[in-house]
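Asks: Have a look at the structure that comes next, please.
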Amino acid sequence: MMPWMLRVTTALLLVLGSTQAAAQFESFELDRGFKPDPRIGSGTSGGRMDASEHGRTDHGRCRGMIDARANHTIYLSRAFDYLRVKLVSSGPVSLVVRGPDGYRCNDDAGEPGPTIEGEWPAGMYQVFVGSLDDGDHEYSIAVTEVSPDYGRLHVPRPDPPAPVVSEPPAPRPEPRREVARRDPTPEPEPEPRRPEPEPEPEPRRPEPEPRRPEPEPRRPEPEPEPRRPEPE
């Protein structure tokens, strides 16, 4: 990656990270008679710290698992005779506030939701939203000067988490049968057996020709007798 592309990518990641952090860790700077009223924020509850080990009030220890960093910060430029902080969540949550006068806690998970109200001295307040179970829950938070005696506070309820659609289990593969693999190369056919040569018969000796009998010696023919003269 080229150096200028690396610098641009790093800057974009920083901007996106700061935007996400601002959405989760909102701050409220308030003075008496602030408008609009109520101020609304949102976030996700939960963390790894046990609130009972950090927050304690006159009524007992705080409850819930909170994050090490406050979910929200409230700055009050002047003291408020009455201020109310209310939570509406999709799950059981607790509200823990640490301010100049110590801790304030409420873990009412039912209706109307965790609420802390009363007099608030000027100063900075850290607001922690804890989970009362093992889950993390979306919530809405409202800060108002209006007492419930003078009107009902409407806090938008966060959208419920999308249902998790579980895919059907994959079919269990059948056990693989071991099949003798045949060599794709056909085996050479055996050469036909050559017949063994028959032994050549010995040459037949010619039988001797029968001996012809020697011809008998030819007898001399008798000489004809001299012809006698006939008598006259």
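Ordered as shown in the structure tokens, chains take letters A, B, and onward, while each chain numbers its residues from 1 and ligands are numbered from 1 in the order shown.
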Using 9 Å as the limit and counting only C-alpha atoms, can you tabulate each residue of stretch 81-156 of chain A that touches stretch 46-70 of chain A, with its shortest atom-to-atom distance in Å and the two atoms involved, as JSON lines?

Replies:
{"residue": "A:Val93", "atom": "CA", "partner": "A:Gly64", "partner_atom": "CA", "distance": 7.1}
{"residue": "A:Ser94", "atom": "CA", "partner": "A:Gly64", "partner_atom": "CA", "distance": 5.9}
{"residue": "A:Leu95", "atom": "CA", "partner": "A:Gly64", "partner_atom": "CA", "distance": 8.4}
{"residue": "A:Val96", "atom": "CA", "partner": "A:Cys62", "partner_atom": "CA", "distance": 7.0}
{"residue": "A:Val97", "atom": "CA", "partner": "A:Gly55", "partner_atom": "CA", "distance": 8.6}
{"residue": "A:Arg98", "atom": "CA", "partner": "A:Gly55", "partner_atom": "CA", "distance": 7.9}
{"residue": "A:Gly102", "atom": "CA", "partner": "A:Thr57", "partner_atom": "CA", "distance": 7.9}
{"residue": "A:Tyr103", "atom": "CA", "partner": "A:Gly55", "partner_atom": "CA", "distance": 5.9}
{"residue": "A:Arg104", "atom": "CA", "partner": "A:Thr57", "partner_atom": "CA", "distance": 6.4}
{"residue": "A:Cys105", "atom": "CA", "partner": "A:Cys62", "partner_atom": "CA", "distance": 5.6}
{"residue": "A:Asn106", "atom": "CA", "partner": "A:Cys62", "partner_atom": "CA", "distance": 7.4}
{"residue": "A:Asp107", "atom": "CA", "partner": "A:Arg63", "partner_atom": "CA", "distance": 6.7}
{"residue": "A:Gln126", "atom": "CA", "partner": "A:Ala70", "partner_atom": "CA", "distance": 5.7}
{"residue": "A:Val127", "atom": "CA", "partner": "A:Ala70", "partner_atom": "CA", "distance": 5.5}
{"residue": "A:Phe128", "atom": "CA", "partner": "A:Ala70", "partner_atom": "CA", "distance": 5.0}
{"residue": "A:Val129", "atom": "CA", "partner": "A:Ile66", "partner_atom": "CA", "distance": 6.3}
{"residue": "A:Gly130", "atom": "CA", "partner": "A:Ile66", "partner_atom": "CA", "distance": 4.4}
{"residue": "A:Ser131", "atom": "CA", "partner": "A:Gly46", "partner_atom": "CA", "distance": 4.6}
{"residue": "A:Leu132", "atom": "CA", "partner": "A:Gly64", "partner_atom": "CA", "distance": 4.7}
{"residue": "A:Asp133", "atom": "CA", "partner": "A:Gly64", "partner_atom": "CA", "distance": 7.6}
{"residue": "A:Asp134", "atom": "CA", "partner": "A:Gly46", "partner_atom": "CA", "distance": 8.3}
{"residue": "A:Gly135", "atom": "CA", "partner": "A:Gly46", "partner_atom": "CA", "distance": 7.2}
{"residue": "A:Asp136", "atom": "CA", "partner": "A:Gly46", "partner_atom": "CA", "distance": 5.2}
{"residue": "A:His137", "atom": "CA", "partner": "A:Gly46", "partner_atom": "CA", "distance": 7.4}

Asks: Go through A:Glu200, A:Glu221, A:Glu29, A:Glu167 one by one, measure the shortest atom-to-atom distance of each to A:Tyr125 using only C-alpha atoms, and give the residue with the smallest value.

Replies: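 Among A:Glu200, A:Glu221, A:Glu29, A:Glu167, it is A:Glu29 that comes nearest to A:Tyr125.
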
Asks: Choose the residue, out of A:Asn71, A:Glu216, A:Arg172, A:Glu191, that has the smallest atom-to-atom separation from A:Ile141; count only C-alpha atoms.

Replies: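 Using only C-alpha atoms, A:Ile141 sits closest to A:Asn71.
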
Asks: Which one is closest to A:His72: A:Glu230, A:Glu26, A:Glu119, A:Glu189? Count only C-alpha atoms.

Replies: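 Counting only C-alpha atoms, the residue closest to A:His72 is A:Glu26.
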
Asks: Report, in Å to a single decimal, how far apart atom CA of A:Val88 and atom CA of A:Gly118 are.

Replies: 18.8 Å

Asks: Between atom CA of A:Lys86 and atom CA of A:Asp37, measure the distance and give it in Å to one decimal.

Replies: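 These atoms are spaced 12.9 Å apart.
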